[in-house]
Amino acid sequence: MKAKKRNIIIITIIVLTNLLTFLLTGVGILRLKHHYVYKANTQEIATSVNKFALLENSIQRNYYKKVSIQKVSDEAYKGMFKSLGDKYSIYYDKKEYNKLNEEISGSYYGIGVVLSEDEQKNAYVASVMKNSPADKAGIKSGDIIKSIDGKIYLKKGASAVAKKVRSKTSSSYVNLTILRNNQEKTFKIRRTSVQNATVASQTFERNGKKIGYIYITEFAKNTDKEFETQLALLKKQKIKGLIIDLRENGGGIVDTSVNICDQLISKGNVVTTKGRNGNDEDYQATSKAQVKLPMAILVNQHTASASEILTGAMQDYKKATIIGTQTFGKGIVQGVTSLQDGTGYQLTIAQYYTPKGRNINKKGITPDIIVSQDNISTNYLTQNDLQFEKAIEVLTSEIKNK
């Protein structure tokens with residue numbers, strides 16, 4: 001009887017031990033009141049985590065003033081990512097991560113403009129969304145943002161201006177002073193919920209032939225669907241050629257870029273990503289649809305990332321003539337991960353290669369026809385827009401010879 005009881009106790013201990021092992025290896029971390037039991041891949045990481053907890057605990061207990069331990073932690077995590085020396089690998093606190101999700105989703109409270117910046121870091125309006133508060137107020141492409149609510153924002157960059165113009169609510173107004181042809185104009189605009197339209201289109205007529213034009217501001221969540229809609233509208237107008245403008249487009253979501261390629265090049269490899277541990281992935285175009293028209297793509301030094309994926313694929317397959325200046329050269333891919341506490345991080349996880357195996361990181365893509373362009377904000381789509389005019393010339397010639 002005693003032996004049987006002893007066997008039951010032994011079996012119970014084994015079951016409990018196995019269960020605990022499963023929890024630790026499956027979940028990775030187990031909280032026991034004020035203590036944490038965690039799984040570390042190496043002894044080095046385990047030692048580092050212990051040290052982090054020790055230092056954080058010491059600050060919380062012994063620092064002469066009361067501090068927010070959450071703020072201390074966030075700054076430490078930011079420093080961890082900053083130590084990588086990679087400006088694209090970033091830790092986001094709760095507020096920053098919410099803003100990132102807002103930008104990815106393409107919906108926010110604002111006035112409905114797409115901003116860019118010139119060589120002096122002056123923010124200017126690259127495009128105005130149709131029927132947006134900015135459009136109704138009279139804001140135009142090329143307007144330079146001088147001040148916001150009385151504070152000067154010249155030479156502070158587009159991101160600083162965007163941050164100030166946007167809001168969490170729609171009940172507030174923003175006062176803008178802009179420079180247009182060196183003349184000041186002031187606007188008071190109410191913020192509303194804005195669905196960020198990332199694709200705009202129009203047609204231009206040359207020698208009796210219509211040429212379609214599509215401008216993509218970024219590759220957001222719904223950009224591929226917007227592109228499909230605008231492309232269909234242009235096709236209904238019986239265009240004979242197509243210009244895709246990627247100037248000032250800093251990139252966005254890889255899958256979105258691939259989906260747009262899928263509408264243009266039919267079947268074939270669009271891009272290959274290669275990670276550190278052999279986690280390679282080929283992104284394929286699978287659609288039977290493709291554009292069988294002469295095409296040109298406009299690029300400049302700010303054309304980057306997902307924009308370069310589209311440009312590189314179109315160039316490798318000789319589906320479009322690339323016109324402009326050397327692109328930015330961001331040939332690396334980031335993954336975004338959310339954490340349970342509402343924070344998140346972005347980490348560079350792979351490099352990408354064009355269909356012909358080109359790695360353009362820190363090199364960029366050389367256009368088929370190099371055309372320099374100054375003051376794109378003031379010359380945009382005018383006769384002084386030399387890159388656009390070159391695209392019209394190239395397509396007109398191809399249409400004539402077909």
# chains A, B, ... in the order shown; residues from 1 in each chain; ligands from 1
>>> closest_atom_pairs(of="range 301-339 of chain A", to="range 233-244 of chain A", cutoff="10 Å", atoms="only C-alpha atoms", output="CSV")
residue,atom,partner,partner_atom,distance
A:Thr311,CA,A:Ile244,CA,9.7
A:Ala320,CA,A:Ile243,CA,8.9
A:Thr321,CA,A:Ile243,CA,9.4
A:Ile322,CA,A:Ile244,CA,9.6
>>> residues_around(residues="Ser116 in chain A", least_positions_apart="5", cutoff="9 Å", atoms="only C-alpha atoms", output="MDAnalysis selection string")
chainID A and resid 121:126 157:159 248:249 377
>>> select_by_dssp(residues="range 40-269 of chain A", states="alpha helix (DSSP H)", output="PyMOL selection string")
chain A and resi 43-62+69-82+94-105+133-137+158-165+223-236+254-265
>>> select_by_dssp(residues="range 55-276 of chain A", states="strand (DSSP E)", output="ChimeraX atom specification")
/A:90-92,107-110,113-117,123-128,144-148,151-152,173-180,183-190,192-195,199-206,209-216,241-245,268-275
>>> residues_around(residues="range 69-83 of chain A", least_positions_apart="5", cutoff="7 Å", atoms="only C-alpha atoms", output="ChimeraX atom specification")
/A:60,89-91,93
>>> write_last_selection(atoms="N, CA, C and O atoms", output="CSV table (one decimal), in the first residue's frame")
chain,number,residue,atom,x,y,z
A,60,GLN,N,13.6,52.2,-9.3
A,60,GLN,CA,12.3,52.4,-8.7
A,60,GLN,C,12.3,52.5,-7.2
A,60,GLN,O,11.6,53.3,-6.6
A,89,SER,N,15.1,50.2,-37.7
A,89,SER,CA,14.7,49.3,-36.6
A,89,SER,C,14.4,50.2,-35.4
A,89,SER,O,15.2,50.9,-34.9
A,90,ILE,N,13.1,50.2,-35.0
A,90,ILE,CA,12.6,51.1,-34.0
A,90,ILE,C,11.7,50.5,-33.0
A,90,ILE,O,10.8,49.6,-33.4
A,91,TYR,N,11.8,50.9,-31.8
A,91,TYR,CA,10.8,50.5,-30.7
A,91,TYR,C,9.8,51.6,-30.6
A,91,TYR,O,10.1,52.8,-30.6
A,93,ASP,N,6.6,53.2,-28.3
A,93,ASP,CA,5.8,53.2,-27.2
A,93,ASP,C,4.3,53.2,-27.6
A,93,ASP,O,4.0,53.2,-28.8
>>> residues_around(residues="Gln183 in chain A", least_positions_apart="4", cutoff="12 Å", atoms="only C-alpha atoms", output="PDB file with N, CA and C atoms, in the first residue's frame")
ATOM      1  N   ASP A 143       2.032  74.500 -52.509  1.00  0.00           N
ATOM      2  CA  ASP A 143       2.017  75.447 -51.397  1.00  0.00           C
ATOM      3  C   ASP A 143       3.040  75.035 -50.340  1.00  0.00           C
ATOM      4  N   ILE A 144       3.863  75.957 -49.917  1.00  0.00           N
ATOM      5  CA  ILE A 144       4.878  75.699 -48.886  1.00  0.00           C
ATOM      6  C   ILE A 144       4.307  76.106 -47.529  1.00  0.00           C
ATOM      7  N   ILE A 145       4.408  75.229 -46.546  1.00  0.00           N
ATOM      8  CA  ILE A 145       3.882  75.515 -45.210  1.00  0.00           C
ATOM      9  C   ILE A 145       4.869  76.406 -44.469  1.00  0.00           C
ATOM     10  N   LYS A 146       4.460  77.641 -44.195  1.00  0.00           N
ATOM     11  CA  LYS A 146       5.330  78.567 -43.472  1.00  0.00           C
ATOM     12  C   LYS A 146       5.127  78.476 -41.959  1.00  0.00           C
ATOM     13  N   THR A 177      -0.369  79.227 -42.517  1.00  0.00           N
ATOM     14  CA  THR A 177       0.134  80.275 -43.393  1.00  0.00           C
ATOM     15  C   THR A 177       1.029  79.604 -44.413  1.00  0.00           C
ATOM     16  N   ILE A 178       0.693  79.793 -45.682  1.00  0.00           N
ATOM     17  CA  ILE A 178       1.450  79.132 -46.744  1.00  0.00           C
ATOM     18  C   ILE A 178       2.106  80.175 -47.651  1.00  0.00           C
ATOM     19  N   LEU A 179       3.118  79.714 -48.369  1.00  0.00           N
ATOM     20  CA  LEU A 179       3.768  80.545 -49.378  1.00  0.00           C
ATOM     21  C   LEU A 179       3.403  79.986 -50.746  1.00  0.00           C
TER      22      LEU A 179
END
>>> residues_around(residues="range 195-210 of chain A", least_positions_apart="6", cutoff="9 Å", atoms="only C-alpha atoms", output="MDAnalysis selection string")
chainID A and resid 103 105:109 112:114 127 129:130 216:220 222:224 226:227 230:231 233:234 237:241 392 396 399
>>> residues_around(residues="Thr366 in chain A", least_positions_apart="3", cutoff="12 Å", atoms="only C-alpha atoms", output="PyMOL selection string")
chain A and resi 298-301+303+308+311-312+315-316+321-329+358+360+363+369-371
>>> residues_around(residues="Thr354 in chain A", least_positions_apart="3", cutoff="7 Å", atoms="only C-alpha atoms", output="PDB file with N, CA, C and O atoms, in the first residue's frame")
ATOM      1  N   VAL A 270       8.346  39.022 -58.744  1.00  0.00           N
ATOM      2  CA  VAL A 270       8.392  40.473 -58.580  1.00  0.00           C
ATOM      3  C   VAL A 270       9.573  40.889 -57.728  1.00  0.00           C
ATOM      4  O   VAL A 270      10.292  41.828 -58.046  1.00  0.00           O
ATOM      5  N   VAL A 271       9.779  40.173 -56.637  1.00  0.00           N
ATOM      6  CA  VAL A 271      10.879  40.495 -55.730  1.00  0.00           C
ATOM      7  C   VAL A 271      11.179  39.270 -54.875  1.00  0.00           C
ATOM      8  O   VAL A 271      10.309  38.440 -54.616  1.00  0.00           O
ATOM      9  N   THR A 272      12.434  39.159 -54.453  1.00  0.00           N
ATOM     10  CA  THR A 272      12.854  38.087 -53.545  1.00  0.00           C
ATOM     11  C   THR A 272      13.445  38.707 -52.296  1.00  0.00           C
ATOM     12  O   THR A 272      14.298  39.596 -52.380  1.00  0.00           O
ATOM     13  N   ILE A 309      10.784  48.576 -55.378  1.00  0.00           N
ATOM     14  CA  ILE A 309      10.385  47.219 -55.751  1.00  0.00           C
ATOM     15  C   ILE A 309       9.592  47.259 -57.055  1.00  0.00           C
ATOM     16  O   ILE A 309       9.859  46.495 -57.989  1.00  0.00           O
ATOM     17  N   GLY A 312      11.982  48.498 -59.898  1.00  0.00           N
ATOM     18  CA  GLY A 312      12.958  47.477 -60.282  1.00  0.00           C
ATOM     19  C   GLY A 312      12.348  46.362 -61.108  1.00  0.00           C
ATOM     20  O   GLY A 312      12.948  45.905 -62.092  1.00  0.00           O
ATOM     21  N   ALA A 313      11.150  45.924 -60.720  1.00  0.00           N
ATOM     22  CA  ALA A 313      10.482  44.849 -61.461  1.00  0.00           C
ATOM     23  C   ALA A 313      10.096  45.316 -62.857  1.00  0.00           C
ATOM     24  O   ALA A 313      10.307  44.604 -63.850  1.00  0.00           O
ATOM     25  N   GLY A 357      17.909  39.743 -59.759  1.00  0.00           N
ATOM     26  CA  GLY A 357      18.871  39.499 -58.682  1.00  0.00           C
ATOM     27  C   GLY A 357      19.662  40.714 -58.244  1.00  0.00           C
ATOM     28  O   GLY A 357      20.684  40.593 -57.564  1.00  0.00           O
ATOM     29  N   ARG A 358      19.196  41.910 -58.574  1.00  0.00           N
ATOM     30  CA  ARG A 358      19.911  43.119 -58.168  1.00  0.00           C
ATOM     31  C   ARG A 358      19.588  43.488 -56.717  1.00  0.00           C
ATOM     32  O   ARG A 358      18.427  43.535 -56.333  1.00  0.00           O
ATOM     33  N   ASN A 359      20.608  43.752 -55.935  1.00  0.00           N
ATOM     34  CA  ASN A 359      20.427  44.291 -54.583  1.00  0.00           C
ATOM     35  C   ASN A 359      20.728  45.783 -54.657  1.00  0.00           C
ATOM     36  O   ASN A 359      21.871  46.176 -54.878  1.00  0.00           O
TER      37      ASN A 359
END
>>> atom_distance(atom1="CA of Ala162 in chain A", atom2="CA of Tyr92 in chain A")
18.1 Å
>>> closest_residue(among="A:Asn101, A:Thr382, A:Ser305, A:Ser287", to="Leu246 in chain A", atoms="only C-alpha atoms")
A:Ser305
